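Right, one structure below, let's go through it.
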Amino acid sequence: MDLLPTAPPAPGRVVEVAPGVLWLRMPLPFALDHVNLWLLRDGGDVALVDCGYGDTVTREIWSRHFSGALAGAKTVRIVATHCHPDHLGNAEWLASHFGSKVTMTYAEFMAAHAMIAGAAGLGPADAGGLFARHGMSGEHLAALAARGNQYHRGVPEAPHTFERIVDGDELALAGRAWRVVAGYGHSPEHAALACTDAALLISGDMLLPRISTNVSVWAGEPDADPVARFLASIARFEALPADTLVLPSHGVPFRGIGDRVGALGEHHRLRLDELSAALAAAAAPQSAEDVIPVLFRRTLDLQQRFFAMGEAIAHLNHLWQIGRAERLVAADGAIRFAA
Ligand SMILES: [Zn+2]
């Protein structure tokens with residue numbers, strides 16, 4: 001894997017990573033401290049891929065771009081790879097500023113509205129219920145409840161209307177053809193964008209150079225196996241040309257899709273083996289809460305603890321779904337896993 005030897009753009013600035021393809025970076029108010037956005041430009045024809053977290057800090061930086069990289073834009077199209085706040089947060093705000101439409105997949109559009117409404121098993125109360133069944137402590141459940149709807153904080157307003165894309169669609173963005181590559185396991189229907197002519201892949205959160213993408217189980221689909229979905233999804237990127245420059249949402253652009261997909265597969269296999277060994281060594285069936293220290297050997301802040309819980313359930317569900325662990329459900333709903 002070769003990282004692009006270029007420093008990331010400062011706030012309000014851009015770095016051109018390919019002709020007409022500009023890299024923007026926005027801050028995030030949590031441990032993962034930045035998100036990369038992409039501005040595709042062909043004269044006055046502009047497409048923005050992802051929008052940043054929906055807070056005043058990011059909007060102030062956007063307004064600097066309005067008089068910078070976006071000056072002279074005639075048509076501005078907004079594409080969201082998925083519904084997470086660092087990607088969708090300002091989509092509606094940008095759409096109303098430019099009078100433009102938001103392009104995204106159907107499941108991501110629906111999930112954004114459901115998360116704001118706390119519906120469809122995607123609300124904070126649903127997460128609390130699932131985590132309680134998986135052994136989360138009363139103290140952490142109280143902290144989760146006290147935090148309220150974190151999603152709505154980052155996405156003050158979801159797009160009211162959207163233009164739907166599905167896997168395999170060709171999008172004409174700023175003079176180039178981009179193909180939608182749907183991916184699963186991280187969010188309901190993530191859209192990466194591949195431009196084979198220019199050997200570019202806007203990978204969103206589906207392929208990151210340093211960190212492994214979060215894969216979580218949500219309360220509405222408690223038996224889900226997002227690990228299997230994620231690994232099957234990223235394997236599809238290997239069909240792209242070997243010299244493809246990957247433009248990820250976090251970290252820096254890189255080449256070497258095959259190496260990175262292989263390393264992520266290995267990472268998850270290792271995690272699953274460690275988890276399997278921990279279940280075999282345990283004196284009693286284990287909850288997801290019990291095995292968090294096996295998967296995460298560092299101190300976790302509150303936000304990271306919730307991500308960790310989702311990851312732990314995801315990996316345990318995978319072991320169960322492929323027959324490497326047994327899942328035990330008690331009369332009170334408590335879920336435990338055994339070798
Ligand atoms: Zn995401």
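Labeling convention for the structure tokens: chains A, B, ... as they appear, residues from 1 per chain, ligands from 1 in order of appearance.
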Given only C-alpha atoms and all ligand atoms, how would the per-residue table for chain A near ligand 1 read, listing every residue at most 10 Å away with its closest atom pair and distance in Å to one decimal, sorted by chain and number, as JSON lines?
```
{"residue": "A:Val35", "atom": "CA", "partner": "ligand 1", "partner_atom_place_in_ligand_line": "1 (Zn)", "distance": 10.0}
{"residue": "A:Thr81", "atom": "CA", "partner": "ligand 1", "partner_atom_place_in_ligand_line": "1 (Zn)", "distance": 8.6}
{"residue": "A:His82", "atom": "CA", "partner": "ligand 1", "partner_atom_place_in_ligand_line": "1 (Zn)", "distance": 6.7}
{"residue": "A:Cys83", "atom": "CA", "partner": "ligand 1", "partner_atom_place_in_ligand_line": "1 (Zn)", "distance": 7.3}
{"residue": "A:His84", "atom": "CA", "partner": "ligand 1", "partner_atom_place_in_ligand_line": "1 (Zn)", "distance": 5.0}
{"residue": "A:Pro85", "atom": "CA", "partner": "ligand 1", "partner_atom_place_in_ligand_line": "1 (Zn)", "distance": 7.8}
{"residue": "A:Asp86", "atom": "CA", "partner": "ligand 1", "partner_atom_place_in_ligand_line": "1 (Zn)", "distance": 7.4}
{"residue": "A:His87", "atom": "CA", "partner": "ligand 1", "partner_atom_place_in_ligand_line": "1 (Zn)", "distance": 7.3}
{"residue": "A:Leu88", "atom": "CA", "partner": "ligand 1", "partner_atom_place_in_ligand_line": "1 (Zn)", "distance": 9.6}
{"residue": "A:His186", "atom": "CA", "partner": "ligand 1", "partner_atom_place_in_ligand_line": "1 (Zn)", "distance": 6.4}
{"residue": "A:Ser187", "atom": "CA", "partner": "ligand 1", "partner_atom_place_in_ligand_line": "1 (Zn)", "distance": 6.6}
{"residue": "A:His190", "atom": "CA", "partner": "ligand 1", "partner_atom_place_in_ligand_line": "1 (Zn)", "distance": 8.5}
{"residue": "A:Gly204", "atom": "CA", "partner": "ligand 1", "partner_atom_place_in_ligand_line": "1 (Zn)", "distance": 7.5}
{"residue": "A:Asp205", "atom": "CA", "partner": "ligand 1", "partner_atom_place_in_ligand_line": "1 (Zn)", "distance": 5.3}
{"residue": "A:Met206", "atom": "CA", "partner": "ligand 1", "partner_atom_place_in_ligand_line": "1 (Zn)", "distance": 8.0}
{"residue": "A:Thr213", "atom": "CA", "partner": "ligand 1", "partner_atom_place_in_ligand_line": "1 (Zn)", "distance": 7.8}
{"residue": "A:Asn214", "atom": "CA", "partner": "ligand 1", "partner_atom_place_in_ligand_line": "1 (Zn)", "distance": 7.5}
{"residue": "A:Val215", "atom": "CA", "partner": "ligand 1", "partner_atom_place_in_ligand_line": "1 (Zn)", "distance": 9.3}
{"residue": "A:Ser249", "atom": "CA", "partner": "ligand 1", "partner_atom_place_in_ligand_line": "1 (Zn)", "distance": 8.5}
{"residue": "A:His250", "atom": "CA", "partner": "ligand 1", "partner_atom_place_in_ligand_line": "1 (Zn)", "distance": 9.9}
```
Mind dumping a table of every segment 190-244 of chain A residue within 10 Å of segment 163-176 of chain A, with the nearest atom pair and its distance in Å to one decimal, using only C-alpha atoms, sorted by chain and rising number, as CSV?
```
residue,atom,partner,partner_atom,distance
A:His190,CA,A:Asp167,CA,9.4
A:Ala191,CA,A:Asp167,CA,7.5
A:Ala192,CA,A:Asp167,CA,9.1
A:Leu193,CA,A:Leu171,CA,8.7
A:Ala194,CA,A:Glu170,CA,9.3
A:Cys195,CA,A:Arg176,CA,7.4
A:Thr196,CA,A:Arg176,CA,9.7
A:Asp197,CA,A:Arg176,CA,8.1
A:Ala198,CA,A:Arg176,CA,8.4
```
Quiz item: Of the candidates A:Ala117, A:Trp178, A:Arg327, A:Leu144, which shows the shortest atom-to-atom distance to Pro156 of chain A, using only C-alpha atoms?
Solution: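 Residue with the minimum atom-to-atom distance to Pro156 of chain A: A:Ala117.
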Exercise. Could you jot down the atom CA of Asp50 of chain A to atom CA of Trp93 of chain A separation for me, Å, one decimal place?
Key: 12.2 Å
Quiz item: Using only C-alpha atoms, which residues sit within 6 Å of Arg336 of chain A once same-chain residues fewer than 6 positions away are excluded, as an MDAnalysis selection string?
Solution: chainID A and resid 285:287 327:328
Quiz item: as number ranges by chain, which residues of segment 253-331 of chain A does DSSP assign to alpha helix (DSSP H)?
Solution: A: 257-281, 288-295, 302-321
Could you turn the residues from that selection into a file that holds N, CA and C atoms, as a short mmCIF file (atom, residue, chain, number, x, y, z; two decimals), in the first residue's frame?
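Saved file selection-v1.cif follows:
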```
data_model
loop_
_atom_site.label_atom_id
_atom_site.label_comp_id
_atom_site.auth_asym_id
_atom_site.auth_seq_id
_atom_site.Cartn_x
_atom_site.Cartn_y
_atom_site.Cartn_z
N ILE A 257 -5.14 -1.42 -3.53
CA ILE A 257 -6.42 -1.95 -3.03
C ILE A 257 -6.26 -3.40 -2.57
N GLY A 258 -5.57 -4.21 -3.38
CA GLY A 258 -5.43 -5.64 -3.05
C GLY A 258 -4.77 -5.84 -1.71
N ASP A 259 -3.67 -5.10 -1.47
CA ASP A 259 -2.94 -5.21 -0.19
C ASP A 259 -3.85 -4.85 0.97
N ARG A 260 -4.58 -3.76 0.79
CA ARG A 260 -5.40 -3.26 1.90
C ARG A 260 -6.59 -4.19 2.18
N VAL A 261 -7.22 -4.69 1.14
CA VAL A 261 -8.34 -5.63 1.32
C VAL A 261 -7.82 -6.90 2.00
N GLY A 262 -6.64 -7.36 1.58
CA GLY A 262 -6.04 -8.54 2.19
C GLY A 262 -5.74 -8.31 3.67
N ALA A 263 -5.19 -7.14 3.99
CA ALA A 263 -4.83 -6.83 5.38
C ALA A 263 -6.08 -6.74 6.26
N LEU A 264 -7.16 -6.18 5.71
CA LEU A 264 -8.39 -6.06 6.50
C LEU A 264 -9.02 -7.43 6.74
N GLY A 265 -8.95 -8.30 5.74
CA GLY A 265 -9.45 -9.67 5.90
C GLY A 265 -8.67 -10.37 7.00
N GLU A 266 -7.34 -10.19 6.97
CA GLU A 266 -6.46 -10.81 7.96
C GLU A 266 -6.76 -10.24 9.36
N HIS A 267 -6.96 -8.94 9.44
CA HIS A 267 -7.29 -8.26 10.71
C HIS A 267 -8.54 -8.89 11.33
N HIS A 268 -9.58 -9.06 10.53
CA HIS A 268 -10.82 -9.62 11.08
C HIS A 268 -10.66 -11.10 11.42
N ARG A 269 -9.92 -11.85 10.59
CA ARG A 269 -9.69 -13.27 10.90
C ARG A 269 -8.98 -13.42 12.24
N LEU A 270 -7.98 -12.55 12.46
CA LEU A 270 -7.22 -12.57 13.72
C LEU A 270 -8.12 -12.27 14.91
N ARG A 271 -8.94 -11.22 14.76
CA ARG A 271 -9.88 -10.83 15.81
C ARG A 271 -10.82 -11.98 16.14
N LEU A 272 -11.31 -12.65 15.10
CA LEU A 272 -12.26 -13.76 15.30
C LEU A 272 -11.58 -14.93 15.99
N ASP A 273 -10.31 -15.19 15.62
CA ASP A 273 -9.56 -16.29 16.27
C ASP A 273 -9.34 -15.98 17.75
N GLU A 274 -8.97 -14.73 18.05
CA GLU A 274 -8.75 -14.32 19.44
C GLU A 274 -10.04 -14.46 20.26
N LEU A 275 -11.12 -14.04 19.65
CA LEU A 275 -12.42 -14.10 20.30
C LEU A 275 -12.83 -15.55 20.55
N SER A 276 -12.61 -16.38 19.55
CA SER A 276 -12.93 -17.81 19.64
C SER A 276 -12.13 -18.45 20.77
N ALA A 277 -10.84 -18.09 20.85
CA ALA A 277 -9.97 -18.63 21.91
C ALA A 277 -10.44 -18.15 23.28
N ALA A 278 -10.86 -16.88 23.36
CA ALA A 278 -11.34 -16.34 24.64
C ALA A 278 -12.61 -17.06 25.10
N LEU A 279 -13.49 -17.37 24.16
CA LEU A 279 -14.71 -18.11 24.51
C LEU A 279 -14.36 -19.51 25.01
N ALA A 280 -13.38 -20.14 24.34
CA ALA A 280 -12.97 -21.50 24.73
C ALA A 280 -12.32 -21.51 26.10
N ALA A 281 -11.60 -20.43 26.44
CA ALA A 281 -10.87 -20.38 27.71
C ALA A 281 -11.75 -19.94 28.87
N ALA A 288 -21.04 -9.80 25.13
CA ALA A 288 -20.24 -8.89 24.30
C ALA A 288 -19.43 -7.95 25.19
N GLU A 289 -20.05 -7.48 26.27
CA GLU A 289 -19.35 -6.61 27.23
C GLU A 289 -18.11 -7.32 27.78
N ASP A 290 -18.26 -8.61 28.12
CA ASP A 290 -17.14 -9.38 28.68
C ASP A 290 -15.93 -9.41 27.73
N VAL A 291 -16.20 -9.48 26.42
CA VAL A 291 -15.08 -9.70 25.47
C VAL A 291 -14.52 -8.39 24.89
N ILE A 292 -15.07 -7.25 25.26
CA ILE A 292 -14.52 -5.98 24.74
C ILE A 292 -13.00 -5.87 24.99
N PRO A 293 -12.49 -6.26 26.21
CA PRO A 293 -11.04 -6.17 26.41
C PRO A 293 -10.22 -7.09 25.50
N VAL A 294 -10.85 -8.16 24.97
CA VAL A 294 -10.13 -9.04 24.03
C VAL A 294 -9.93 -8.31 22.70
N LEU A 295 -10.95 -7.56 22.29
CA LEU A 295 -10.90 -6.88 20.99
C LEU A 295 -10.22 -5.51 21.07
N LEU A 302 -16.41 7.28 26.00
CA LEU A 302 -17.80 6.84 25.92
C LEU A 302 -18.21 6.49 24.48
N GLN A 303 -17.89 7.39 23.54
CA GLN A 303 -18.21 7.18 22.13
C GLN A 303 -17.57 5.90 21.62
N GLN A 304 -16.28 5.71 21.97
CA GLN A 304 -15.55 4.52 21.53
C GLN A 304 -16.12 3.25 22.16
N ARG A 305 -16.65 3.39 23.39
CA ARG A 305 -17.23 2.23 24.08
C ARG A 305 -18.48 1.73 23.34
N PHE A 306 -19.27 2.66 22.82
CA PHE A 306 -20.47 2.25 22.08
C PHE A 306 -20.09 1.60 20.75
N PHE A 307 -19.10 2.20 20.06
CA PHE A 307 -18.60 1.58 18.83
C PHE A 307 -18.05 0.18 19.14
N ALA A 308 -17.31 0.07 20.26
CA ALA A 308 -16.69 -1.21 20.64
C ALA A 308 -17.76 -2.26 20.91
N MET A 309 -18.84 -1.85 21.55
CA MET A 309 -19.93 -2.77 21.85
C MET A 309 -20.54 -3.29 20.55
N GLY A 310 -20.79 -2.39 19.62
CA GLY A 310 -21.35 -2.80 18.32
C GLY A 310 -20.41 -3.76 17.60
N GLU A 311 -19.10 -3.47 17.67
CA GLU A 311 -18.08 -4.32 17.03
C GLU A 311 -18.03 -5.70 17.68
N ALA A 312 -18.09 -5.71 19.02
CA ALA A 312 -18.01 -6.98 19.76
C ALA A 312 -19.21 -7.86 19.40
N ILE A 313 -20.40 -7.26 19.38
CA ILE A 313 -21.60 -8.04 19.01
C ILE A 313 -21.45 -8.55 17.57
N ALA A 314 -20.94 -7.69 16.69
CA ALA A 314 -20.78 -8.07 15.27
C ALA A 314 -19.87 -9.29 15.13
N HIS A 315 -18.75 -9.28 15.84
CA HIS A 315 -17.80 -10.40 15.72
C HIS A 315 -18.34 -11.66 16.37
N LEU A 316 -19.04 -11.52 17.50
CA LEU A 316 -19.65 -12.68 18.15
C LEU A 316 -20.76 -13.26 17.26
N ASN A 317 -21.58 -12.37 16.69
CA ASN A 317 -22.62 -12.84 15.77
C ASN A 317 -22.02 -13.61 14.60
N HIS A 318 -20.87 -13.12 14.10
CA HIS A 318 -20.23 -13.80 12.97
C HIS A 318 -19.79 -15.21 13.37
N LEU A 319 -19.13 -15.33 14.53
CA LEU A 319 -18.71 -16.66 15.00
C LEU A 319 -19.92 -17.58 15.12
N TRP A 320 -21.01 -17.03 15.65
CA TRP A 320 -22.25 -17.81 15.81
C TRP A 320 -22.82 -18.20 14.45
N GLN A 321 -22.89 -17.23 13.53
CA GLN A 321 -23.50 -17.49 12.22
C GLN A 321 -22.73 -18.51 11.39
#
```
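Take atom CA of Lys101 of chain A and atom CA of Leu48 of chain A: the distance between them is 10.9 Å.
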Quiz item: Which one of A:Leu245, A:Leu39, A:Ala132, A:Ala330 sits closest to Arg77 of chain A if you count only C-alpha atoms?
Solution: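 Looking only at the distances to Arg77 of chain A, the closest residue turns out to be A:Leu39.
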Quiz item: When distances are computed from only C-alpha atoms, which of A:Met136, A:Leu240, A:Leu130, A:Ile234 shows the smallest separation from Val217 of chain A?
Solution: A:Leu130
How close does segment 74-154 of chain A get to segment 220-232 of chain A? List, as CSV, each residue of segment 74-154 of chain A within 8 Å, its nearest atom pair and the distance in Å to one decimal, counting only C-alpha atoms.
```
residue,atom,partner,partner_atom,distance
A:Ala120,CA,A:Gly220,CA,6.1
A:Gly121,CA,A:Gly220,CA,4.0
A:Leu122,CA,A:Gly220,CA,6.6
A:Asp126,CA,A:Gly220,CA,7.7
A:Leu130,CA,A:Pro222,CA,7.6
```
Limited to N, CA and C atoms, could you put the picked residues into a file as a PDB file, in the first residue's frame?
```
ATOM      1  N   ALA A 120     -37.457   2.483  13.795  1.00  0.00           N
ATOM      2  CA  ALA A 120     -36.924   1.324  13.047  1.00  0.00           C
ATOM      3  C   ALA A 120     -35.734   0.656  13.744  1.00  0.00           C
ATOM      4  N   GLY A 121     -35.731   0.706  15.072  1.00  0.00           N
ATOM      5  CA  GLY A 121     -34.634   0.055  15.807  1.00  0.00           C
ATOM      6  C   GLY A 121     -33.316   0.795  15.701  1.00  0.00           C
ATOM      7  N   LEU A 122     -33.351   2.071  15.250  1.00  0.00           N
ATOM      8  CA  LEU A 122     -32.108   2.823  15.052  1.00  0.00           C
ATOM      9  C   LEU A 122     -31.942   3.967  16.061  1.00  0.00           C
ATOM     10  N   ASP A 126     -33.236   2.077  21.469  1.00  0.00           N
ATOM     11  CA  ASP A 126     -33.080   0.736  20.893  1.00  0.00           C
ATOM     12  C   ASP A 126     -31.662   0.219  21.126  1.00  0.00           C
ATOM     13  N   LEU A 130     -30.489  -3.173  23.193  1.00  0.00           N
ATOM     14  CA  LEU A 130     -29.618  -4.227  22.633  1.00  0.00           C
ATOM     15  C   LEU A 130     -28.370  -4.413  23.495  1.00  0.00           C
TER      16      LEU A 130
END
```
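Distances here use only C-alpha atoms; by that measure, the residue among A:Thr75, A:Ser233, A:Thr58, A:Ser212 closest to Gly44 of chain A is A:Thr75.
Atom pair atom CA of Arg64 of chain A / atom CA of Arg13 of chain A: separated by 8.4 Å.
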Practice problem: Would you kindly return, as a ChimeraX atom specification, each protein, DNA or RNA residue with an atom no farther than 7 Å from any atom of Leu22 of chain A, considering only C-alpha atoms and excluding same-chain residues fewer than 4 positions away? | Solution: /A:14-17,38-40
